[in-house]
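Structure first, commentary second.
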Amino acid sequence: MTSRYHEVYQGWKNDPEGFWAKAAENIDWYAPWDKVFDKDLGVYGRWFAGATCNTCHNAVDRHVASGRGDQTAIIHDSPVTGSQRKLTYSELLEEVQALSAVLVDNGVAKGDRVIVYMPMVAEAVIAMLACARIGAVHSVVFGGFAPQELASRIDDCQPVAVIAASCGIEPGRIISYKPMLDEAIEIAGCKPSLCVVLERPEQPCDLIDGRDIDYASAVAKAKTDNRIVACVPVAATDPLYILYTSGTTGTPKGVVRDNGGHMVALAWSMGAMYGIEPGEVFWAASDVGWVVGHSYIAYAPLLIGATTIVFEGKPVGTPDAGTFWRVISDHKVAALFTAPTAFRAIKKEDPGGELVGNYDLSGMRTLFLAGERADPETIRWAEEKLQVPVIDHWWQTETGWTIAGNPVGLGQLPVKYGSPTVAMPGYDVQILDDAGHQVAPGELGNIAIKLPLPPSCLPTLWNADQRFHEAYLDEFPGYYKTSDAGMCDEDGYLYVMSRTDDIINVAGHRLSSGGMEEVLAEHPDVAECAVIGIADAMKGQIPAGFLVLNAGVERTEEDIEKEVVGLVRQRIGPVAAFKTALVVKRLPKTRSGKILRATMQKIADKQDWKMPATIDDPVILDEIKAALETRGMGI
Ligand code: COA
Ligand code: AMP
């Protein structure tokens, strides 16, 4: 099949508003928009201004009304608990209505924020949909974050309620969520008045009188009472959710997603990008705490009437490196979406792909990879073992869907290893030099997107228009700065090479090295520090911290290194995978005092590096090299 991509992209360029108005026909609206795009609203304009809609109606109710009630909507497949559960669209509607009733009856109203702190259970998606139904704004916090991180999100979005689970399950250990939630509320200035707690049999918890209610009994009562809660019409431009992502400092950025544009872009992407039809099974093996989980576990599959999988397990160890193939075969998955790191983990355990042969993968058409650069070796391995096209695609929490990809639904374009392929309709992607001029094909530069951003992309940061300007819009006027560096070739294929800021990418998770430095600097014996991401064969990058100690410190370097590792785990969480700290005498700096993190990273990764012209004292780099060598670090 020849690809329709170029024709479709050109169609968007010729008439962007007409393109999105047509895509919006797949969504039910209570009232139509006044303007498809109103450039005078918000920071850089808003999509579908004047329209009213409800995301839960589009993801659930309308499918039941149109005869999909008996189709499976959600499959919870949980190798860590040894259980599986399927919910049809009708059952999902019943569950969502009941939880909506619990929220409304406890005073949660349109516009209120609700934090969701849950592991990979079906109730996490139900909670998101229940908030959407009543017009409340959810903010899901990943379970691997520590109480301090949860507290900073509570303080930023000021929720009236929290929906949580008693525990999550990691291979070989139970993670108690409830004590972390209680500690976070203790630390936070804002005190939510309601916590709806899902008691899991693996580890029940105590409930606090007057604040906590038991999820199961409250929902059961709402069902017995036959409580009907209608979908609340909201403005297309109203927030559906806030998702916090790492910035260059320890204070996370609250990415805002609207209702209307988000539905339109996501529904379009399911057909055009992923080639998925209503009724098919789509599996995004991520976590609801990340943007991939929001877009492609919770919302997009349900918006088009497909079946989604909530997988509570890991690519390896639950119980083995064949789990992904078992899930694909058991549930007849048409497309899998995951991070390259998951495939590297599988390949490490089962390099010959022997376990693939134990399962029937004939229903699987495509593997999609995102979250970090897909290395050609991993792509080739997956292509060979699975015998399906392997599609890399690039996007960010901020966009909520693909910026550049290979749209298999429009007809697959030739794959070039190392490139996530081409810009999707909606995105005018350009490579700019530091002065903001476009560079020639093949030249490296800053990847920027000409404004306006397409539907689903963040209109702003939660309560922080100024920070939104500073972080994304000010450096290249008229453009959104992606903070990724890369290039475009003669055929318009994009290559995304690295971040231009201090964000590091650990196992497909985005973490702030600045945030980790803030934690290290709190240690009383640390005078100065720097955190860099160093190459790791499985996780892509892992953080490493360099510490300069205060003069006169008498404790051993080993003790201090252990303590700061513990401190990052306690403050940020295990997900930071911060396991390496090294005491050094001095940090390499420019003459103006800037720490040369990029050069340190190149040395750690054993890449070619040049002595920076502005370095203050070149000898310090030899000291860093020697310190790294004593630990055998880098790859
Ligand atoms: N709650 C609590 N703790 C969690 C957690 C959660 N939801 N998720 C992870 N953690 C903990 C882990 O137990 C681990 O703790 P440890 O340091 O005590 O071992 C730590 O956080 C790091 O976890 P993880 O990143 O999962 O690393 P891992 O070494 O256990 O597994 C992979 C490695 C590659 C298998 C795993 O990172 C993976 O599945 N990656 C896929 C990434 C992905 O889906 N990204 C989303 C973008 S599409
Ligand atoms: P997140 O917001 O957590 O989804 O992380 C987004 C960042 O991950 C991007 O800015 C990139 O740095 C990186 N990233 C995601 N997908 C890709 C990809 N396919 N290729 C290269 N980098 C990617």
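Identifiers in this document derive from the order of the structure tokens: chains are assigned A, B, ..., residues are numbered from 1 separately in each chain, and ligands are numbered from 1 in order of occurrence.
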
Within 7 Å of ligand 2, counting only C-alpha atoms and all ligand atoms, residues as an mmCIF file with N, CA, C and O atoms, in the first residue's frame:
data_model
loop_
_atom_site.group_PDB
_atom_site.id
_atom_site.type_symbol
_atom_site.label_atom_id
_atom_site.label_comp_id
_atom_site.auth_asym_id
_atom_site.auth_seq_id
_atom_site.Cartn_x
_atom_site.Cartn_y
_atom_site.Cartn_z
ATOM 1 N N THR A 245 5.370 16.754 35.153
ATOM 2 C CA THR A 245 6.547 16.185 34.516
ATOM 3 C C THR A 245 7.768 16.951 34.993
ATOM 4 O O THR A 245 7.661 18.060 35.510
ATOM 5 N N TRP A 290 2.274 7.838 33.738
ATOM 6 C CA TRP A 290 3.008 8.549 32.690
ATOM 7 C C TRP A 290 2.053 8.970 31.592
ATOM 8 O O TRP A 290 0.931 8.466 31.487
ATOM 9 N N VAL A 291 2.538 9.831 30.706
ATOM 10 C CA VAL A 291 1.650 10.333 29.651
ATOM 11 C C VAL A 291 1.209 9.214 28.715
ATOM 12 O O VAL A 291 0.072 9.205 28.236
ATOM 13 N N LEU A 369 7.306 1.872 19.503
ATOM 14 C CA LEU A 369 8.234 2.195 20.585
ATOM 15 C C LEU A 369 8.310 3.711 20.767
ATOM 16 O O LEU A 369 8.334 4.454 19.782
ATOM 17 N N ALA A 370 8.351 4.153 22.016
ATOM 18 C CA ALA A 370 8.554 5.587 22.306
ATOM 19 C C ALA A 370 9.024 5.741 23.741
ATOM 20 O O ALA A 370 9.095 4.768 24.491
ATOM 21 N N GLY A 371 9.330 6.970 24.103
ATOM 22 C CA GLY A 371 9.758 7.269 25.471
ATOM 23 C C GLY A 371 11.233 7.593 25.534
ATOM 24 O O GLY A 371 11.711 8.272 26.434
ATOM 25 N N GLU A 372 11.977 7.083 24.583
ATOM 26 C CA GLU A 372 13.421 7.329 24.468
ATOM 27 C C GLU A 372 13.782 6.933 23.043
ATOM 28 O O GLU A 372 12.979 6.297 22.344
ATOM 29 N N ARG A 373 14.978 7.286 22.625
ATOM 30 C CA ARG A 373 15.396 6.946 21.267
ATOM 31 C C ARG A 373 15.439 5.418 21.122
ATOM 32 O O ARG A 373 15.966 4.734 21.988
ATOM 33 N N ALA A 374 14.842 4.925 20.041
ATOM 34 C CA ALA A 374 14.877 3.476 19.804
ATOM 35 C C ALA A 374 16.185 3.156 19.091
ATOM 36 O O ALA A 374 16.400 3.594 17.954
ATOM 37 N N ASP A 392 9.232 3.377 15.571
ATOM 38 C CA ASP A 392 9.660 4.336 16.600
ATOM 39 C C ASP A 392 8.813 5.592 16.418
ATOM 40 O O ASP A 392 8.500 5.964 15.287
ATOM 41 N N HIS A 393 8.398 6.208 17.483
ATOM 42 C CA HIS A 393 7.740 7.517 17.354
ATOM 43 C C HIS A 393 8.091 8.392 18.542
ATOM 44 O O HIS A 393 8.353 7.908 19.637
ATOM 45 N N TRP A 394 8.114 9.691 18.268
ATOM 46 C CA TRP A 394 8.638 10.653 19.238
ATOM 47 C C TRP A 394 7.543 11.580 19.724
ATOM 48 O O TRP A 394 6.825 12.151 18.915
ATOM 49 N N TRP A 395 7.418 11.672 21.030
ATOM 50 C CA TRP A 395 6.505 12.656 21.592
ATOM 51 C C TRP A 395 6.886 12.976 23.015
ATOM 52 O O TRP A 395 7.890 12.484 23.522
ATOM 53 N N GLN A 396 6.115 13.847 23.626
ATOM 54 C CA GLN A 396 6.441 14.342 24.971
ATOM 55 C C GLN A 396 5.170 14.427 25.812
ATOM 56 O O GLN A 396 4.076 14.516 25.255
ATOM 57 N N THR A 397 5.367 14.453 27.109
ATOM 58 C CA THR A 397 4.225 14.671 28.008
ATOM 59 C C THR A 397 3.438 15.906 27.559
ATOM 60 O O THR A 397 2.214 15.924 27.596
ATOM 61 N N GLU A 398 4.162 16.910 27.131
ATOM 62 C CA GLU A 398 3.529 18.178 26.764
ATOM 63 C C GLU A 398 2.567 18.039 25.591
ATOM 64 O O GLU A 398 1.584 18.774 25.482
ATOM 65 N N PRO A 420 12.530 8.553 14.091
ATOM 66 C CA PRO A 420 11.113 8.274 14.334
ATOM 67 C C PRO A 420 10.230 8.653 13.126
ATOM 68 O O PRO A 420 9.010 8.703 13.251
ATOM 69 N N THR A 482 11.169 22.308 22.010
ATOM 70 C CA THR A 482 10.949 20.947 22.534
ATOM 71 C C THR A 482 11.992 20.556 23.573
ATOM 72 O O THR A 482 11.819 19.570 24.281
ATOM 73 N N SER A 483 13.131 21.287 23.603
ATOM 74 C CA SER A 483 14.284 20.921 24.446
ATOM 75 C C SER A 483 14.919 19.612 24.002
ATOM 76 O O SER A 483 15.655 18.978 24.757
ATOM 77 N N ASP A 484 14.616 19.188 22.785
ATOM 78 C CA ASP A 484 15.326 18.066 22.177
ATOM 79 C C ASP A 484 16.179 18.632 21.051
ATOM 80 O O ASP A 484 15.793 19.610 20.393
ATOM 81 N N VAL A 496 16.016 12.427 16.443
ATOM 82 C CA VAL A 496 15.998 13.065 17.767
ATOM 83 C C VAL A 496 17.179 12.505 18.540
ATOM 84 O O VAL A 496 17.232 11.305 18.831
ATOM 85 N N MET A 497 18.141 13.360 18.858
ATOM 86 C CA MET A 497 19.409 12.844 19.385
ATOM 87 C C MET A 497 19.544 12.957 20.904
ATOM 88 O O MET A 497 19.967 12.026 21.554
ATOM 89 N N SER A 498 19.229 14.120 21.449
ATOM 90 C CA SER A 498 19.463 14.292 22.897
ATOM 91 C C SER A 498 18.670 15.478 23.408
ATOM 92 O O SER A 498 18.166 16.280 22.622
ATOM 93 N N ARG A 499 18.587 15.589 24.703
ATOM 94 C CA ARG A 499 17.934 16.753 25.302
ATOM 95 C C ARG A 499 18.922 17.917 25.340
ATOM 96 O O ARG A 499 20.134 17.709 25.455
ATOM 97 N N ASN A 505 16.881 10.593 30.819
ATOM 98 C CA ASN A 505 15.834 9.647 30.482
ATOM 99 C C ASN A 505 16.230 8.258 31.002
ATOM 100 O O ASN A 505 17.106 7.615 30.469
ATOM 101 N N GLY A 508 13.014 5.087 29.968
ATOM 102 C CA GLY A 508 11.848 5.708 29.345
ATOM 103 C C GLY A 508 11.136 6.699 30.265
ATOM 104 O O GLY A 508 10.106 7.239 29.904
ATOM 105 N N HIS A 509 11.665 6.919 31.465
ATOM 106 C CA HIS A 509 11.072 7.894 32.374
ATOM 107 C C HIS A 509 11.922 9.149 32.360
ATOM 108 O O HIS A 509 13.144 9.085 32.352
ATOM 109 N N ARG A 510 11.237 10.278 32.429
ATOM 110 C CA ARG A 510 11.934 11.544 32.334
ATOM 111 C C ARG A 510 12.187 12.083 33.739
ATOM 112 O O ARG A 510 11.250 12.265 34.499
#

Please identify the residues whose atoms come within 8 Å of ligand 1, using only C-alpha atoms and all ligand atoms, and report them as number ranges by chain. A: 119-120, 142-145, 168-171, 175, 284-287, 290-293, 314-316, 337-346, 369-372, 506-509, 538-539, 573-577

Taking into account only C-alpha atoms, which residue in the set A:Gly514, A:Gly69, A:Gly442, A:Pro452 is nearest to A:Asp40? A:Pro452

Select from stretch 360-593 of chain A everything DSSP, run on the backbone, classes as helix (DSSP H, G or I), then give the selection as a PyMOL selection string. chain A and resi 376-386+408-410+465-473+513-521+557-571+574-576

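Interatomic distance, atom CA of A:His63 against atom CA of A:Glu312: 25.8 Å.
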
Which residue, A:Pro455, A:Arg62, A:Leu243, A:Ile75, has the smallest gap to A:Glu17 when you use only C-alpha atoms?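 For A:Glu17, the nearest of the given residues is A:Pro455.
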
Shortest interatomic distance to A:Leu103 - which of A:Val162, A:Leu520, A:Val553, A:Ile391, counting only C-alpha atoms: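 Checking each of A:Val162, A:Leu520, A:Val553, A:Ile391 against A:Leu103, counting only C-alpha atoms, the winner is A:Val162.
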
Restrict the calculation to only C-alpha atoms, then for each residue of stretch 204-315 of chain A with any atom at most 9 Å from an atom of stretch 112-117 of chain A give the closest atom pair and their distance in Å to one decimal, rows by chain and rising residue number, as a tab-separated table.
residue	atom	partner	partner_atom	distance
A:Tyr241	CA	A:Arg113	CA	8.4
A:Ile242	CA	A:Arg113	CA	8.7
A:Gly289	CA	A:Tyr117	CA	8.3

Of the residues A:Gly42, A:Met516, A:Gly172, A:Asp622, which is the one nearest to A:Thr318, using only C-alpha atoms?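 Of the candidates, the smallest distance to A:Thr318 is held by A:Gly172.
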
For A:Asp105, which of A:Ala218, A:Val564, A:Cys53, A:Val36 is the closest residue, counting only C-alpha atoms?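 Ranking A:Ala218, A:Val564, A:Cys53, A:Val36 by distance to A:Asp105, first place goes to A:Ala218.
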
Need to verify the contact set: A:Trp609, 12 Å, only C-alpha atoms, exclusion of same-chain residues closer than 5 positions in sequence. Can you return it as a PyMOL selection string? chain A and resi 596+598-604+621

May I have the selected residues written with N, CA and C atoms, as a PDB file, in the first residue's frame?
ATOM      1  N   LEU A 596      30.644  21.835  33.993  1.00  0.00           N
ATOM      2  CA  LEU A 596      30.696  21.266  32.640  1.00  0.00           C
ATOM      3  C   LEU A 596      30.087  19.856  32.630  1.00  0.00           C
ATOM      4  N   ALA A 598      28.038  18.414  30.465  1.00  0.00           N
ATOM      5  CA  ALA A 598      28.034  17.703  29.181  1.00  0.00           C
ATOM      6  C   ALA A 598      29.380  17.028  28.937  1.00  0.00           C
ATOM      7  N   THR A 599      30.468  17.706  29.301  1.00  0.00           N
ATOM      8  CA  THR A 599      31.796  17.100  29.101  1.00  0.00           C
ATOM      9  C   THR A 599      31.969  15.918  30.049  1.00  0.00           C
ATOM     10  N   MET A 600      31.510  16.075  31.285  1.00  0.00           N
ATOM     11  CA  MET A 600      31.599  14.960  32.240  1.00  0.00           C
ATOM     12  C   MET A 600      30.849  13.746  31.695  1.00  0.00           C
ATOM     13  N   GLN A 601      29.689  14.025  31.103  1.00  0.00           N
ATOM     14  CA  GLN A 601      28.877  12.925  30.574  1.00  0.00           C
ATOM     15  C   GLN A 601      29.605  12.214  29.435  1.00  0.00           C
ATOM     16  N   LYS A 602      30.242  12.992  28.559  1.00  0.00           N
ATOM     17  CA  LYS A 602      30.965  12.373  27.441  1.00  0.00           C
ATOM     18  C   LYS A 602      32.107  11.512  27.970  1.00  0.00           C
ATOM     19  N   ILE A 603      32.795  11.991  28.983  1.00  0.00           N
ATOM     20  CA  ILE A 603      33.898  11.205  29.552  1.00  0.00           C
ATOM     21  C   ILE A 603      33.341   9.900  30.139  1.00  0.00           C
ATOM     22  N   ALA A 604      32.237  10.027  30.886  1.00  0.00           N
ATOM     23  CA  ALA A 604      31.646   8.834  31.511  1.00  0.00           C
ATOM     24  C   ALA A 604      31.199   7.829  30.450  1.00  0.00           C
ATOM     25  N   LEU A 621      39.320  17.594  34.856  1.00  0.00           N
ATOM     26  CA  LEU A 621      38.694  16.549  34.038  1.00  0.00           C
ATOM     27  C   LEU A 621      39.437  15.219  34.200  1.00  0.00           C
TER      28      LEU A 621
END

Students should find that atom CA of A:Ile74 and atom CA of A:Ser456 are spaced 23.1 Å

For A:Thr460, please output as a PyMOL selection string all residues within 10 Å (counting only C-alpha atoms; exclusion window: fewer than 2 positions along the same chain). chain A and resi 42-44+254-258+398+457-458+462-469+472

Which polymer residues have any atom within 10 Å of an atom of stretch 265-269 of chain A, counting only C-alpha atoms, with same-chain residues fewer than 4 positions away left out, as a CSV table (one decimal) with all heavy atoms, in the first residue's frame?
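After the write, out_8.csv holds the following:
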chain,number,residue,atom,x,y,z
A,20,TRP,N,-8.7,19.8,11.3
A,20,TRP,CA,-9.1,19.4,12.7
A,20,TRP,C,-10.6,19.5,12.8
A,20,TRP,O,-11.2,18.7,13.6
A,20,TRP,CB,-8.4,20.3,13.7
A,20,TRP,CG,-6.9,20.0,13.8
A,20,TRP,CD1,-5.9,20.8,13.5
A,20,TRP,CD2,-6.3,18.7,14.1
A,20,TRP,NE1,-4.7,20.1,13.6
A,20,TRP,CE2,-4.9,18.8,14.0
A,20,TRP,CE3,-6.9,17.4,14.4
A,20,TRP,CZ2,-4.0,17.7,14.2
A,20,TRP,CZ3,-6.0,16.4,14.7
A,20,TRP,CH2,-4.6,16.5,14.6
A,22,LYS,N,-12.7,18.5,10.6
A,22,LYS,CA,-13.1,17.2,10.0
A,22,LYS,C,-12.8,16.1,11.1
A,22,LYS,O,-13.7,15.2,11.3
A,22,LYS,CB,-12.3,16.9,8.7
A,22,LYS,CG,-12.6,15.7,8.0
A,22,LYS,CD,-13.5,15.9,6.8
A,22,LYS,CE,-13.9,14.6,6.1
A,22,LYS,NZ,-14.9,13.9,6.8
A,23,ALA,N,-11.6,16.1,11.7
A,23,ALA,CA,-11.3,15.1,12.7
A,23,ALA,C,-12.3,15.1,13.8
A,23,ALA,O,-12.6,14.1,14.4
A,23,ALA,CB,-9.8,15.3,13.1
A,24,ALA,N,-12.8,16.3,14.1
A,24,ALA,CA,-13.7,16.5,15.3
A,24,ALA,C,-15.0,15.9,15.1
A,24,ALA,O,-15.8,15.7,16.0
A,24,ALA,CB,-13.8,18.0,15.6
A,26,ASN,N,-15.6,12.9,14.6
A,26,ASN,CA,-15.6,11.6,15.3
A,26,ASN,C,-15.9,11.7,16.8
A,26,ASN,O,-15.9,10.7,17.5
A,26,ASN,CB,-14.2,10.9,15.2
A,26,ASN,CG,-14.0,10.5,13.7
A,26,ASN,OD1,-14.9,10.0,13.1
A,26,ASN,ND2,-12.8,10.7,13.2
A,27,ILE,N,-16.1,12.9,17.2
A,27,ILE,CA,-16.4,13.2,18.7
A,27,ILE,C,-17.8,13.7,18.8
A,27,ILE,O,-18.3,14.4,18.0
A,27,ILE,CB,-15.4,14.2,19.2
A,27,ILE,CG1,-13.9,13.6,19.1
A,27,ILE,CG2,-15.7,14.6,20.6
A,27,ILE,CD1,-13.7,12.3,19.8
A,260,GLY,N,-11.6,19.0,24.7
A,260,GLY,CA,-12.0,18.9,23.3
A,260,GLY,C,-10.8,18.5,22.4
A,260,GLY,O,-10.9,17.5,21.7
A,261,GLY,N,-9.8,19.3,22.4
A,261,GLY,CA,-8.6,19.1,21.5
A,261,GLY,C,-8.0,17.7,21.8
A,261,GLY,O,-7.6,17.0,20.8
A,273,MET,N,-2.2,6.9,13.1
A,273,MET,CA,-0.9,6.6,13.5
A,273,MET,C,-0.8,5.1,13.8
A,273,MET,O,0.2,4.4,13.4
A,273,MET,CB,-0.6,7.4,14.8
A,273,MET,CG,0.8,7.1,15.4
A,273,MET,SD,2.2,7.5,14.4
A,273,MET,CE,3.3,6.3,14.9
A,274,TYR,N,-1.8,4.5,14.6
A,274,TYR,CA,-1.6,3.2,15.0
A,274,TYR,C,-2.4,2.1,14.2
A,274,TYR,O,-2.2,0.9,14.4
A,274,TYR,CB,-2.1,3.1,16.5
A,274,TYR,CG,-1.2,4.0,17.4
A,274,TYR,CD1,-1.7,5.2,17.8
A,274,TYR,CD2,0.0,3.6,17.8
A,274,TYR,CE1,-0.9,6.0,18.6
A,274,TYR,CE2,0.8,4.4,18.6
A,274,TYR,CZ,0.3,5.6,19.0
A,274,TYR,OH,1.1,6.5,19.8
A,275,GLY,N,-3.2,2.6,13.3
A,275,GLY,CA,-4.0,1.7,12.4
A,275,GLY,C,-4.9,0.8,13.2
A,275,GLY,O,-5.1,-0.4,12.8
A,276,ILE,N,-5.5,1.3,14.2
A,276,ILE,CA,-6.4,0.4,15.1
A,276,ILE,C,-7.9,0.8,14.8
A,276,ILE,O,-8.2,2.0,14.8
A,276,ILE,CB,-6.1,0.6,16.6
A,276,ILE,CG1,-4.7,0.1,16.9
A,276,ILE,CG2,-7.1,0.0,17.5
A,276,ILE,CD1,-4.5,-1.4,16.7
A,295,SER,N,-2.7,8.7,27.7
A,295,SER,CA,-3.2,8.8,26.3
A,295,SER,C,-3.6,7.4,25.8
A,295,SER,O,-4.6,7.3,25.2
A,295,SER,CB,-2.2,9.4,25.4
A,295,SER,OG,-1.9,10.7,25.8
A,296,TYR,N,-2.7,6.4,26.0
A,296,TYR,CA,-2.9,5.1,25.2
A,296,TYR,C,-3.3,3.9,26.1
A,296,TYR,O,-3.5,2.8,25.5
A,296,TYR,CB,-1.8,4.9,24.3
A,296,TYR,CG,-1.8,6.0,23.2
A,296,TYR,CD1,-0.9,7.0,23.2
A,296,TYR,CD2,-2.8,6.0,22.2
A,296,TYR,CE1,-1.0,8.1,22.3
A,296,TYR,CE2,-2.9,7.0,21.3
A,296,TYR,CZ,-1.9,8.0,21.3
A,296,TYR,OH,-2.0,9.1,20.4
A,299,TYR,N,-7.2,6.8,27.7
A,299,TYR,CA,-8.2,7.5,26.8
A,299,TYR,C,-8.4,7.1,25.4
A,299,TYR,O,-9.5,6.8,24.9
A,299,TYR,CB,-7.9,9.0,26.9
A,299,TYR,CG,-8.3,9.6,28.2
A,299,TYR,CD1,-7.4,10.1,29.2
A,299,TYR,CD2,-9.7,9.7,28.6
A,299,TYR,CE1,-7.8,10.6,30.4
A,299,TYR,CE2,-10.1,10.2,29.8
A,299,TYR,CZ,-9.1,10.6,30.7
A,299,TYR,OH,-9.6,11.1,31.9
A,300,ALA,N,-7.3,7.0,24.6
A,300,ALA,CA,-7.4,6.9,23.2
A,300,ALA,C,-8.1,5.6,22.8
A,300,ALA,O,-9.1,5.6,22.0
A,300,ALA,CB,-6.1,7.0,22.5
A,301,PRO,N,-7.8,4.4,23.3
A,301,PRO,CA,-8.4,3.2,22.9
A,301,PRO,C,-9.9,3.3,23.2
A,301,PRO,O,-10.8,2.8,22.4
A,301,PRO,CB,-7.8,2.1,23.7
A,301,PRO,CG,-6.5,2.7,24.2
A,301,PRO,CD,-6.7,4.1,24.3
A,302,LEU,N,-10.3,3.8,24.4
A,302,LEU,CA,-11.7,3.9,24.8
A,302,LEU,C,-12.4,4.9,23.9
A,302,LEU,O,-13.6,4.7,23.6
A,302,LEU,CB,-11.9,4.2,26.2
A,302,LEU,CG,-11.2,3.2,27.2
A,302,LEU,CD1,-11.4,3.6,28.7
A,302,LEU,CD2,-11.8,1.8,27.0
A,303,LEU,N,-11.8,6.0,23.5
A,303,LEU,CA,-12.5,7.0,22.7
A,303,LEU,C,-12.9,6.4,21.4
A,303,LEU,O,-14.0,6.9,20.8
A,303,LEU,CB,-11.5,8.2,22.4
A,303,LEU,CG,-11.4,9.2,23.6
A,303,LEU,CD1,-10.3,10.2,23.4
A,303,LEU,CD2,-12.7,9.9,23.9
A,304,ILE,N,-12.2,5.4,20.8
A,304,ILE,CA,-12.6,4.9,19.6
A,304,ILE,C,-13.4,3.6,19.7
A,304,ILE,O,-13.7,2.9,18.7
A,304,ILE,CB,-11.5,4.7,18.6
A,304,ILE,CG1,-10.5,3.6,19.1
A,304,ILE,CG2,-10.7,6.0,18.3
A,304,ILE,CD1,-9.7,2.9,17.9
A,305,GLY,N,-13.6,3.1,21.0
A,305,GLY,CA,-14.4,1.9,21.1
A,305,GLY,C,-13.5,0.6,20.9
A,305,GLY,O,-14.0,-0.4,20.5
A,400,GLY,N,1.1,15.0,24.4
A,400,GLY,CA,0.1,13.9,24.6
A,400,GLY,C,-0.1,13.0,23.4
A,400,GLY,O,-0.8,12.0,23.6
A,401,TRP,N,0.5,13.2,22.3
A,401,TRP,CA,0.5,12.3,21.2
A,401,TRP,C,1.7,12.6,20.3
A,401,TRP,O,2.4,13.5,20.5
A,401,TRP,CB,-0.8,12.4,20.4
A,401,TRP,CG,-1.1,13.6,19.7
A,401,TRP,CD1,-1.4,14.9,20.2
A,401,TRP,CD2,-1.2,13.8,18.3
A,401,TRP,NE1,-1.6,15.8,19.3
A,401,TRP,CE2,-1.5,15.2,18.0
A,401,TRP,CE3,-1.0,13.0,17.2
A,401,TRP,CZ2,-1.6,15.7,16.7
A,401,TRP,CZ3,-1.1,13.5,15.9
A,401,TRP,CH2,-1.4,14.8,15.7
A,402,THR,N,1.8,11.8,19.2
A,402,THR,CA,3.0,11.8,18.4
A,402,THR,C,3.3,13.1,17.7
A,402,THR,O,2.4,13.7,17.1
A,402,THR,CB,2.8,10.8,17.2
A,402,THR,OG1,2.2,9.6,17.8
A,402,THR,CG2,4.1,10.5,16.5
A,407,PRO,N,3.1,6.8,10.3
A,407,PRO,CA,1.6,6.6,10.5
A,407,PRO,C,1.1,5.3,9.8
A,407,PRO,O,0.8,5.4,8.6
A,407,PRO,CB,1.0,7.8,9.9
A,407,PRO,CG,2.0,8.3,8.9
A,407,PRO,CD,3.3,7.9,9.3
A,409,GLY,N,-1.5,3.7,9.9
A,409,GLY,CA,-2.9,3.7,9.4
A,409,GLY,C,-3.1,4.4,8.1
A,409,GLY,O,-4.0,4.2,7.4
A,424,MET,N,3.9,14.6,12.2
A,424,MET,CA,2.5,14.3,12.0
A,424,MET,C,1.7,15.6,11.6
A,424,MET,O,2.2,16.7,11.9
A,424,MET,CB,1.9,13.8,13.3
A,424,MET,CG,2.2,12.4,13.7
A,424,MET,SD,1.7,11.2,12.4
A,424,MET,CE,3.2,11.0,11.5
A,426,GLY,N,-0.4,18.7,11.9
A,426,GLY,CA,-0.5,19.5,13.1
A,426,GLY,C,0.8,20.1,13.6
A,426,GLY,O,0.8,21.1,14.3
A,454,PRO,N,-0.8,21.8,17.8
A,454,PRO,CA,-2.0,21.1,17.4
A,454,PRO,C,-2.9,20.8,18.6
A,454,PRO,O,-2.4,20.8,19.8
A,454,PRO,CB,-1.6,19.9,16.7
A,454,PRO,CG,-0.3,19.6,17.2
A,454,PRO,CD,0.4,20.9,17.5
A,455,PRO,N,-4.1,20.4,18.4
A,455,PRO,CA,-5.0,19.9,19.5
A,455,PRO,C,-4.3,18.9,20.4
A,455,PRO,O,-3.5,18.1,19.8
A,455,PRO,CB,-6.2,19.3,18.8
A,455,PRO,CG,-6.2,20.0,17.5
A,455,PRO,CD,-4.8,20.3,17.1
A,456,SER,N,-4.6,18.8,21.6
A,456,SER,CA,-4.1,17.9,22.7
A,456,SER,C,-2.8,18.5,23.3
A,456,SER,O,-2.5,18.1,24.5
A,456,SER,CB,-3.8,16.5,22.2
A,456,SER,OG,-3.0,15.8,23.1
A,457,CYS,N,-2.0,19.3,22.6
A,457,CYS,CA,-0.8,19.8,23.2
A,457,CYS,C,-1.2,20.8,24.4
A,457,CYS,O,-2.2,21.4,24.3
A,457,CYS,CB,0.0,20.6,22.2
A,457,CYS,SG,0.7,19.4,21.0

Using only C-alpha atoms, which residues sit within 12 Å of A:Met487 once same-chain residues fewer than 6 positions away are excluded, as a PyMOL selection string? chain A and resi 418-422+429-433+438-448+493-498

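When atom CA of A:Leu355 is paired with atom CA of A:Leu336, their separation reads 17.1 Å.
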
Give me, as an MDAnalysis selection string, all polymer residues having an atom no more than 6 Å from A:Ala73, counting only C-alpha atoms and skipping those fewer than 5 positions away in the same chain. chainID A and resid 87:89 307

Same residues, N, CA and C atoms, saved as a CSV table (one decimal), in the first residue's frame:
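Written file, part_27.csv:
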chain,number,residue,atom,x,y,z
A,87,LEU,N,-13.7,-6.1,31.9
A,87,LEU,CA,-14.9,-5.2,32.1
A,87,LEU,C,-15.5,-4.9,30.7
A,88,THR,N,-16.7,-5.1,30.5
A,88,THR,CA,-17.3,-4.7,29.2
A,88,THR,C,-17.6,-3.2,29.3
A,89,TYR,N,-18.0,-2.6,28.2
A,89,TYR,CA,-18.3,-1.2,28.2
A,89,TYR,C,-19.5,-0.9,29.2
A,307,THR,N,-10.5,-2.1,22.7
A,307,THR,CA,-10.2,-2.7,24.1
A,307,THR,C,-8.8,-2.3,24.5
